[in-house]
>>> print(open('run_12.tsv').read())   # TSV, C-alpha atoms
chain	number	residue	atom	x	y	z
A	1	ARG	CA	-43.32	75.98	115.14
A	2	VAL	CA	-46.82	75.40	116.56
A	3	ARG	CA	-48.00	74.14	113.19
A	4	ALA	CA	-45.05	71.80	113.03
A	5	ARG	CA	-45.94	70.37	116.42
A	6	ARG	CA	-49.52	69.81	115.33
A	7	ARG	CA	-48.38	68.06	112.16
A	8	ALA	CA	-46.06	65.91	114.26
A	9	ALA	CA	-48.90	65.03	116.63
A	10	VAL	CA	-51.14	64.05	113.72
A	11	ALA	CA	-48.37	61.96	112.24
A	12	LEU	CA	-47.79	60.29	115.60
A	13	ASP	CA	-51.49	59.50	115.90
A	14	ALA	CA	-51.45	57.96	112.47
A	15	ALA	CA	-48.32	55.98	113.22
A	16	PHE	CA	-49.70	54.46	116.42
A	17	GLY	CA	-53.29	54.09	115.25
A	18	PHE	CA	-54.68	56.73	117.61
A	19	ASP	CA	-58.08	58.17	116.78
A	20	SER	CA	-58.36	61.89	117.45
A	21	GLU	CA	-62.14	61.57	117.75
A	22	ALA	CA	-61.78	58.84	120.36
A	23	ARG	CA	-59.32	61.01	122.26
A	24	ALA	CA	-61.74	63.93	122.18
A	25	ALA	CA	-64.52	61.63	123.42
A	26	ALA	CA	-62.26	60.48	126.24
A	27	GLU	CA	-61.67	64.11	127.22
A	28	VAL	CA	-65.43	64.68	127.28
A	29	ARG	CA	-65.89	61.62	129.46
A	30	GLU	CA	-63.24	62.91	131.82
A	31	SER	CA	-65.09	66.22	132.11
A	32	GLN	CA	-68.22	64.28	133.02
A	33	ARG	CA	-66.49	62.15	135.63
A	34	LEU	CA	-68.02	62.53	139.06
A	35	THR	CA	-67.06	61.69	142.60
A	36	ILE	CA	-70.20	59.94	143.82
A	37	GLY	CA	-70.66	59.26	147.52
A	38	LEU	CA	-73.14	56.58	148.57
A	39	VAL	CA	-74.71	56.80	152.02
A	40	GLY	CA	-75.92	53.27	152.68
A	41	PHE	CA	-74.09	50.36	151.10
A	42	GLY	CA	-76.56	47.50	151.25
A	43	ASN	CA	-77.77	45.53	148.23
A	44	PHE	CA	-79.06	48.51	146.30
A	45	GLY	CA	-76.08	50.72	147.13
A	46	GLN	CA	-73.70	48.01	145.91
A	47	PHE	CA	-75.84	47.53	142.80
A	48	LEU	CA	-75.47	51.22	141.87
A	49	ALA	CA	-71.82	51.39	142.91
A	50	ALA	CA	-70.81	48.57	140.57
A	51	LYS	CA	-72.33	50.40	137.61
A	52	PHE	CA	-70.86	53.79	138.56
A	53	VAL	CA	-67.37	52.29	138.87
A	54	ARG	CA	-67.65	50.63	135.47
A	55	GLN	CA	-68.63	53.98	134.00
A	56	GLY	CA	-65.38	55.47	135.25
A	57	HIS	CA	-66.64	57.51	138.18
A	58	ARG	CA	-64.86	57.71	141.51
A	59	VAL	CA	-67.16	56.10	144.06
A	60	LEU	CA	-67.10	56.57	147.84
A	61	ALA	CA	-69.34	54.88	150.38
A	62	THR	CA	-70.24	54.86	154.04
A	63	SER	CA	-72.77	52.85	156.00
A	64	ARG	CA	-73.69	51.79	159.53
A	65	THR	CA	-72.38	48.29	158.75
A	66	ASP	CA	-68.74	47.77	157.82
A	67	TYR	CA	-68.69	46.81	154.13
A	68	SER	CA	-64.97	47.48	153.65
A	69	SER	CA	-64.14	44.14	152.05
A	70	ARG	CA	-67.09	44.21	149.67
A	71	ALA	CA	-66.30	47.81	148.71
A	72	ALA	CA	-62.70	46.84	147.90
A	73	GLU	CA	-63.96	44.09	145.60
A	74	LEU	CA	-66.06	46.63	143.69
A	75	GLY	CA	-63.35	49.28	143.51
A	76	VAL	CA	-65.13	51.60	145.96
A	77	GLU	CA	-63.42	53.73	148.61
A	78	TYR	CA	-65.11	52.87	151.89
A	79	PHE	CA	-65.27	55.06	155.01
A	80	THR	CA	-66.34	53.75	158.39
A	81	ASP	CA	-66.34	57.34	159.69
A	82	ALA	CA	-68.97	59.68	158.22
A	83	ASP	CA	-66.77	62.73	158.87
A	84	ASP	CA	-63.99	61.29	156.74
A	85	PHE	CA	-66.56	60.49	154.06
A	86	ALA	CA	-67.83	64.07	154.00
A	87	GLU	CA	-64.32	65.54	153.99
A	88	SER	CA	-63.56	63.59	150.81
A	89	HIS	CA	-65.94	66.08	149.19
A	90	PRO	CA	-68.09	64.02	146.82
A	91	ASP	CA	-69.74	65.95	144.01
A	92	VAL	CA	-72.91	63.95	144.55
A	93	VAL	CA	-74.26	62.31	147.71
A	94	VAL	CA	-76.72	59.50	146.97
A	95	LEU	CA	-78.93	58.37	149.84
A	96	CYS	CA	-79.28	54.58	149.45
A	97	THR	CA	-80.88	53.94	152.83
A	98	SER	CA	-84.19	52.24	153.53
A	99	ILE	CA	-87.30	54.44	153.62
A	100	LEU	CA	-87.71	53.96	157.36
A	101	SER	CA	-84.12	54.86	158.27
A	102	THR	CA	-83.59	57.82	155.92
A	103	GLU	CA	-84.48	60.54	158.41
A	104	THR	CA	-82.20	59.11	161.12
A	105	VAL	CA	-79.28	58.57	158.75
A	106	LEU	CA	-79.56	62.08	157.32
A	107	SER	CA	-79.64	63.62	160.79
A	108	HIS	CA	-76.29	61.94	161.63
A	109	LEU	CA	-74.57	62.93	158.38
A	110	PRO	CA	-72.07	65.82	158.94
A	111	VAL	CA	-73.34	67.90	156.03
A	112	GLN	CA	-71.41	70.94	157.27
A	113	ARG	CA	-68.21	69.22	156.12
A	114	LEU	CA	-69.43	68.88	152.54
A	115	ARG	CA	-68.87	71.43	149.79
A	116	ARG	CA	-71.69	73.94	149.57
A	117	SER	CA	-72.29	72.96	145.93
A	118	THR	CA	-72.93	69.29	146.73
A	119	LEU	CA	-75.83	67.62	144.94
A	120	PHE	CA	-78.03	65.41	147.14
A	121	VAL	CA	-79.87	62.57	145.40
A	122	ASP	CA	-82.38	60.14	146.87
A	123	VAL	CA	-83.39	56.86	145.24
A	124	LEU	CA	-86.29	55.88	147.50
A	125	SER	CA	-89.43	54.17	146.25
A	126	VAL	CA	-91.59	57.01	147.60
A	127	LYS	CA	-90.96	60.60	146.63
A	128	GLN	CA	-92.96	63.20	148.57
A	129	PHE	CA	-91.46	62.06	151.87
A	130	PRO	CA	-87.78	62.50	150.90
A	131	LYS	CA	-88.58	65.73	149.06
A	132	ARG	CA	-90.07	67.30	152.20
A	133	LEU	CA	-87.31	65.85	154.37
A	134	LEU	CA	-84.44	67.14	152.23
A	135	LEU	CA	-85.99	70.57	151.78
A	136	SER	CA	-86.58	70.97	155.50
A	137	THR	CA	-83.24	69.50	156.64
A	138	LEU	CA	-80.57	70.63	154.17
A	139	PRO	CA	-79.25	74.19	153.93
A	140	ASP	CA	-80.43	76.11	150.88
A	141	TYR	CA	-77.04	76.00	149.17
A	142	PHE	CA	-77.25	72.24	148.58
A	143	ASP	CA	-78.94	71.05	145.38
A	144	ILE	CA	-81.62	68.33	145.54
A	145	LEU	CA	-82.54	65.74	142.91
A	146	CYS	CA	-85.27	63.23	143.81
A	147	THR	CA	-85.17	60.07	141.71
A	148	HIS	CA	-86.62	56.59	141.55
A	149	PRO	CA	-84.89	53.90	139.50
A	150	MET	CA	-87.89	51.65	138.79
A	151	PHE	CA	-85.69	48.56	138.98
A	152	GLY	CA	-83.27	46.83	141.30
A	153	PRO	CA	-80.58	44.17	141.55
A	154	GLU	CA	-82.93	41.45	140.31
A	155	SER	CA	-84.73	43.21	137.44
A	156	GLY	CA	-81.60	45.11	136.41
A	157	LYS	CA	-79.08	42.28	136.63
A	158	ASN	CA	-78.88	41.92	132.84
A	159	GLY	CA	-78.59	45.63	132.12
A	160	TRP	CA	-80.70	48.76	132.40
A	161	GLN	CA	-81.76	49.06	128.78
A	162	GLY	CA	-85.41	50.11	128.58
A	163	LEU	CA	-85.87	50.29	132.37
A	164	THR	CA	-87.63	53.35	133.75
A	165	PHE	CA	-85.81	56.06	135.69
A	166	MET	CA	-87.99	58.80	137.20
A	167	TYR	CA	-86.44	62.09	138.33
A	168	ASP	CA	-87.47	65.47	139.72
A	169	PRO	CA	-84.89	68.30	140.03
A	170	VAL	CA	-86.41	69.71	143.21
A	171	ARG	CA	-83.81	72.41	143.81
A	172	VAL	CA	-80.91	73.37	141.55
A	173	ASN	CA	-79.24	76.63	142.46
A	174	ALA	CA	-78.10	79.03	139.76
A	175	GLY	CA	-74.85	78.25	138.01
A	176	ALA	CA	-73.72	76.37	134.92
A	177	ALA	CA	-71.50	74.02	136.96
A	178	ARG	CA	-74.43	72.99	139.17
A	179	GLU	CA	-76.69	72.33	136.19
A	180	GLU	CA	-73.92	70.34	134.51
A	181	ARG	CA	-73.45	68.25	137.65
A	182	VAL	CA	-77.13	67.29	137.63
A	183	ALA	CA	-76.97	66.49	133.91
A	184	ASN	CA	-73.85	64.35	134.38
A	185	PHE	CA	-75.47	62.32	137.14
A	186	LEU	CA	-78.60	61.71	135.06
A	187	ARG	CA	-76.33	60.70	132.20
A	188	CYS	CA	-75.20	57.72	134.33
A	189	PHE	CA	-78.65	56.23	133.73
A	190	GLU	CA	-79.37	57.65	130.31
A	191	ALA	CA	-76.14	56.19	128.93
A	192	GLU	CA	-77.24	52.72	130.08
A	193	GLY	CA	-80.42	52.95	128.00
A	194	CYS	CA	-82.87	53.82	130.78
A	195	GLU	CA	-86.18	55.37	129.83
A	196	MET	CA	-85.83	58.80	131.45
A	197	VAL	CA	-89.12	60.08	132.88
A	198	PRO	CA	-89.24	63.62	134.32
A	199	MET	CA	-92.07	63.76	136.85
A	200	THR	CA	-92.96	65.62	140.02
A	201	CYS	CA	-92.70	63.75	143.31
A	202	GLU	CA	-96.41	64.26	143.91
A	203	GLU	CA	-97.38	62.77	140.57
A	204	HIS	CA	-95.00	59.85	141.11
A	205	ASP	CA	-96.60	58.87	144.40
A	206	ARG	CA	-100.09	58.93	142.90
A	207	HIS	CA	-99.00	56.59	140.13
A	208	ALA	CA	-96.85	54.40	142.38
A	209	ALA	CA	-99.70	53.74	144.81
A	210	SER	CA	-101.78	52.16	142.04
A	211	SER	CA	-98.86	50.31	140.45
A	212	GLN	CA	-95.91	49.54	142.71
A	213	PHE	CA	-97.81	49.24	146.00
A	214	ILE	CA	-100.60	47.15	144.44
A	215	THR	CA	-97.98	44.92	142.78
A	216	HIS	CA	-96.20	44.31	146.08
A	217	THR	CA	-99.51	43.72	147.88
A	218	VAL	CA	-100.79	41.16	145.38
A	219	GLY	CA	-97.38	39.45	145.25
A	220	ARG	CA	-97.26	39.11	149.03
A	221	MET	CA	-100.85	37.85	149.20
A	222	LEU	CA	-100.10	35.17	146.63
A	223	GLY	CA	-96.89	34.33	148.45
A	224	ARG	CA	-98.93	33.36	151.50
A	225	LEU	CA	-100.75	30.75	149.40
A	226	ASP	CA	-97.53	28.78	148.90
A	227	LEU	CA	-98.16	28.48	145.17
A	228	GLU	CA	-96.01	25.98	143.28
A	229	SER	CA	-95.24	25.27	139.66
A	230	THR	CA	-97.24	22.43	138.05
A	231	PRO	CA	-96.82	20.35	134.85
A	232	VAL	CA	-99.74	22.25	133.29
A	233	ASP	CA	-98.79	25.85	134.11
A	234	THR	CA	-100.24	28.53	131.88
A	235	LYS	CA	-98.21	31.59	130.94
A	236	GLY	CA	-100.45	33.65	133.21
A	237	TYR	CA	-99.78	31.38	136.18
A	238	GLN	CA	-96.03	31.49	135.52
A	239	THR	CA	-96.25	35.28	135.52
A	240	LEU	CA	-97.90	35.13	138.95
A	241	LEU	CA	-95.11	32.88	140.24
A	242	ASP	CA	-92.54	35.36	138.92
A	243	LEU	CA	-94.40	38.14	140.71
A	244	VAL	CA	-94.23	36.20	143.98
A	245	ASP	CA	-90.50	35.62	143.52
A	246	ASN	CA	-89.79	39.28	142.75
A	247	THR	CA	-91.73	40.64	145.72
A	248	ALA	CA	-90.37	37.95	148.08
A	249	ASN	CA	-86.83	39.20	147.37
A	250	ASP	CA	-87.72	42.61	148.83
A	251	SER	CA	-87.85	43.10	152.58
A	252	PHE	CA	-91.10	43.68	154.44
A	253	GLU	CA	-89.49	46.92	155.62
A	254	LEU	CA	-89.57	48.16	152.03
A	255	TYR	CA	-93.20	47.13	151.64
A	256	TYR	CA	-94.14	48.81	154.91
A	257	GLY	CA	-92.32	51.95	153.78
A	258	LEU	CA	-94.37	52.00	150.56
A	259	PHE	CA	-97.49	51.89	152.71
A	260	MET	CA	-96.41	54.23	155.49
A	261	TYR	CA	-94.88	57.01	153.42
A	262	ASN	CA	-97.26	57.16	150.45
A	263	ALA	CA	-100.45	59.02	151.32
A	264	SER	CA	-102.32	57.27	148.49
A	265	ALA	CA	-101.47	53.73	149.65
A	266	THR	CA	-104.29	53.44	152.18
A	267	GLU	CA	-106.84	54.45	149.56
A	268	GLU	CA	-105.48	51.87	147.13
A	269	LEU	CA	-105.59	49.17	149.82
A	270	ASP	CA	-109.25	50.00	150.48
A	271	ARG	CA	-110.00	49.88	146.74
A	272	LEU	CA	-108.30	46.49	146.46
A	273	GLU	CA	-110.31	45.10	149.37
A	274	LYS	CA	-113.59	46.43	147.97
A	275	ALA	CA	-112.79	45.02	144.54
A	276	PHE	CA	-112.17	41.57	146.03
A	277	ASP	CA	-115.36	41.71	148.11
A	278	GLY	CA	-117.33	42.81	145.04
A	279	LEU	CA	-115.94	39.94	143.01
A	280	LYS	CA	-116.85	37.40	145.69
A	281	LYS	CA	-120.36	38.83	145.93
A	282	GLN	CA	-120.82	38.59	142.17
A	283	LEU	CA	-119.77	34.93	142.22
A	284	PHE	CA	-121.99	33.91	145.12
A	285	ASP	CA	-124.97	35.95	143.92
A	286	GLN	CA	-124.92	34.17	140.57
A	287	LEU	CA	-124.48	30.80	142.25
A	288	HIS	CA	-127.38	31.58	144.60
A	289	ASP	CA	-129.67	32.53	141.71
A	290	LYS	CA	-128.97	29.27	139.88
A	291	LEU	CA	-129.44	27.10	142.96
A	292	ARG	CA	-132.60	28.94	143.90
A	293	GLY	CA	-134.00	28.46	140.41
A	294	GLN	CA	-133.35	24.72	140.54
A	295	LEU	CA	-134.79	24.43	144.04
A	296	PHE	CA	-138.10	26.05	143.18
A	297	LEU	CA	-138.72	24.50	139.75
A	298	ASP	CA	-142.20	22.94	139.63
A	299	PRO	CA	-141.96	19.22	138.64
A	300	ARG	CA	-145.26	19.64	136.74
A	301	ASP	CA	-143.64	22.23	134.49
A	302	PRO	CA	-142.61	20.81	131.08
A	303	ASN	CA	-139.31	22.69	131.33
A	304	HIS	CA	-138.34	20.73	134.42
A	305	GLU	CA	-135.55	18.25	133.68
A	306	SER	CA	-137.53	15.29	135.07
A	307	ASN	CA	-140.35	15.97	132.53
A	308	ALA	CA	-138.06	16.13	129.51
A	309	SER	CA	-137.26	12.95	127.62
A	310	THR	CA	-133.74	11.98	126.69
A	311	THR	CA	-134.41	12.65	123.04
A	312	GLU	CA	-135.89	16.06	123.85
A	313	ARG	CA	-132.82	17.04	125.86
A	314	GLN	CA	-130.26	15.73	123.38
A	315	PRO	CA	-130.51	18.51	120.77
A	316	ALA	CA	-129.91	21.14	123.42
A	317	ALA	CA	-126.86	19.26	124.63
A	318	SER	CA	-125.41	18.94	121.16
A	319	ALA	CA	-126.42	22.33	119.86
A	320	GLY	CA	-122.97	23.79	120.24
A	321	GLY	CA	-122.63	24.43	123.97
A	322	GLY	CA	-121.07	27.57	125.38
A	323	GLY	CA	-122.66	30.79	126.50
A	324	SER	CA	-125.91	30.44	124.47
A	325	ASP	CA	-126.80	27.17	126.26
A	326	VAL	CA	-126.15	28.74	129.62
A	327	ALA	CA	-128.28	31.71	128.71
A	328	GLU	CA	-131.14	29.41	127.65
A	329	VAL	CA	-130.92	27.46	130.91
A	330	ILE	CA	-131.01	30.62	132.95
A	331	LYS	CA	-133.90	32.00	130.89
A	332	ALA	CA	-135.86	28.77	131.27
A	333	ALA	CA	-135.21	28.70	135.00
A	334	ALA	CA	-136.42	32.26	135.34
A	335	GLN	CA	-139.59	31.50	133.38
A	336	ALA	CA	-140.23	28.39	135.46
A	337	GLN	CA	-139.73	30.33	138.65
A	338	ALA	CA	-142.15	33.00	137.51
A	339	GLN	CA	-144.76	30.37	136.59
A	340	ALA	CA	-144.33	28.60	139.91
A	341	GLU	CA	-144.77	31.83	141.82
A	342	ALA	CA	-147.86	32.65	139.76
A	343	ARG	CA	-149.42	29.27	140.55
A	344	GLU	CA	-148.58	29.65	144.21
A	345	ALA	CA	-150.23	33.02	144.28
A	346	ALA	CA	-153.29	31.62	142.52
A	347	ASP	CA	-153.54	28.73	145.01
A	348	THR	CA	-153.30	31.10	147.91
A	349	HIS	CA	-155.98	33.36	146.44
A	350	SER	CA	-158.32	30.41	145.84
A	351	THR	CA	-157.99	29.17	149.42
>>> encode(input="run_12.tsv", output="C-alpha cells")
Amino acid sequence: RVRARRRAAVALDAAFGFDSEARAAAEVRESQRLTIGLVGFGNFGQFLAAKFVRQGHRVLATSRTDYSSRAAELGVEYFTDADDFAESHPDVVVLCTSILSTETVLSHLPVQRLRRSTLFVDVLSVKQFPKRLLLSTLPDYFDILCTHPMFGPESGKNGWQGLTFMYDPVRVNAGAAREERVANFLRCFEAEGCEMVPMTCEEHDRHAASSQFITHTVGRMLGRLDLESTPVDTKGYQTLLDLVDNTANDSFELYYGLFMYNASATEELDRLEKAFDGLKKQLFDQLHDKLRGQLFLDPRDPNHESNASTTERQPAASAGGGGSDVAEVIKAAAQAQAQAEAREAADTHST
C-alpha cells in the first residue's frame, strides 16, 4: 500500500510537471528559514530587510522612530514596542543602530523576554567595540556573531555579488541547532555571492583603520574643496569625484564613530598628516634648490643662460626633452653654484 502511494505520488508529479528535486530543495530552504529581528530600521536596516524578505525569511523590526508604513511596504512586521518585539521571539537579533547609539539602544532592549538561544549579530563598521559591549552586557546563554558587510545601500544597490562580508563568531554555545542558526544567517550573504571573510574583530579594526577610515577621511577632505567635473576629466579624477560622492552619502556620525571607536584611527590620522607634510616639504625643498641655483649663478660662468648663444642652447632644447634635460640643468646649476662659491672664497681669502 505504501509503495502504491509512492508510485501514485511520482505519477502525479510527472502529470503536473513537478520536480522532486525542486521540492526537496524547497524543503531545505524551509529548514533554513529564519525569523530575523532588526533593532534599528534606518537606511541600512531597511537595506538588509528588503534582501532578507526576498530570501523568504520572516523579518521583524523595531526602532526609536516609527517606520510602520515603510516596513509594511517591504513586507516587514514592525513593532513600536520593544517588549512586543522581543516576545515575538526572533531567532536572530541584528543590531542595525549607529555606532554612537548602540550602547544606549542595547541597554533599553528587554533581552530577558527573548529565547535563551537567540543569536545576536552586529553589523557596525568597527568591531572591537561591539564585541566588548555584547560580551559584557548579554547573558552567557546568548550567542554572538560580530559582522561587517563592507558595503551599503549605495554600493550594494545592484546586488551583493563579489562584495566583502567579514564575520567573527565570538560566542556560539554548544549545540547543533545553535551552530546551524549561525550557518543559516551567514548563508543569507553567501547565497548572494558575497566574498565571505572570517576574521577576528581585532584584526578587522587594524585593517579598517588603514582602509575604511583613511578612505572616509580623504573623501571628506576632497569634499571640502568643492571639486566639480570638467570637460577634460581623467579617469583618476572621476574616481576621486566618485569617492567624494560615496563618503558624502554617509553621515558625519558614522565617520566620527569610525574615529572614536577604533583605537588605530588616531595613529592613521597622524600618519596621514605626516605624509602630507612630508610631501609638501619635498615639493618646496626642490623648488627652493632650483630657485637658489638660478639666483646665485655667476653671469661670468659660460653655463649661465645669458652667456650661451641661441645656437648653443638649441641642441639642448631639441635633444628629446624629459627627465634627462632636467637632470642636466640641475647638474649644471650645481656645478655653477660650486664654482661661484669657490670664487667667492678665493676673493675673500685674497682680501
>>> atom_distance(input="run_12.tsv", atom1="atom CA of Arg116 of chain A", atom2="atom CA of Gly37 of chain A")
14.9 Å
>>> atom_distance(input="run_12.tsv", atom1="atom CA of Ala176 of chain A", atom2="atom CA of Thr102 of chain A")
29.7 Å
>>> residues_around(input="run_12.tsv", residues="Ala72 of chain A", least_positions_apart="2", cutoff="12 Å", atoms="only C-alpha atoms", output="PyMOL selection string")
chain A and resi 46+49-50+53+59-61+66-70+74-79
>>> atom_distance(input="run_12.tsv", atom1="atom CA of Leu225 of chain A", atom2="atom CA of Leu272 of chain A")
17.7 Å
>>> residues_around(input="run_12.tsv", residues="Pro90 of chain A", least_positions_apart="2", cutoff="9 Å", atoms="all atoms listed in the file", output="list in words")
Leu34, Thr35, Ile36, Gly37, Arg58, Val59, Leu60, Phe85, Ala86, Glu87, Ser88, Val92, Val93, Leu114, Arg115, Thr118 and Leu119 of chain A
>>> residues_around(input="run_12.tsv", residues="Asp143 of chain A", least_positions_apart="3", cutoff="8 Å", atoms="all atoms listed in the file", output="ChimeraX atom specification")
/A:117-120,140,170-173,178
>>> closest_residue(input="run_12.tsv", among="A:Leu258, A:Gln238, A:Leu134, A:Trp160", to="Cys188 of chain A", atoms="all atoms listed in the file")
A:Trp160
>>> closest_residue(input="run_12.tsv", among="A:Leu227, A:Ala263, A:Met221, A:Val111", to="Thr247 of chain A", atoms="only C-alpha atoms")
A:Met221
>>> closest_residue(input="run_12.tsv", among="A:Met166, A:Ala191, A:Gly219, A:Pro198", to="Asn249 of chain A", atoms="only C-alpha atoms")
A:Gly219
>>> closest_residue(input="run_12.tsv", among="A:Val218, A:Glu253, A:Gly175, A:Phe142", to="Glu273 of chain A", atoms="only C-alpha atoms")
A:Val218
>>> residues_around(input="run_12.tsv", residues="Gln212 of chain A", least_positions_apart="4", cutoff="10 Å", atoms="all atoms listed in the file", output="PyMOL selection string")
chain A and resi 125-126+150+205+207-208+216-217+255+258+265
>>> axis_aligned_box(input="run_12.tsv", around="segment 272-286 of chain A", padding_each_side="8 Å", output="AutoDock Vina command-line options")
--center_x -116.6 --center_y 40.2 --center_z 145.0 --size_x 32.7 --size_y 28.6 --size_z 24.8
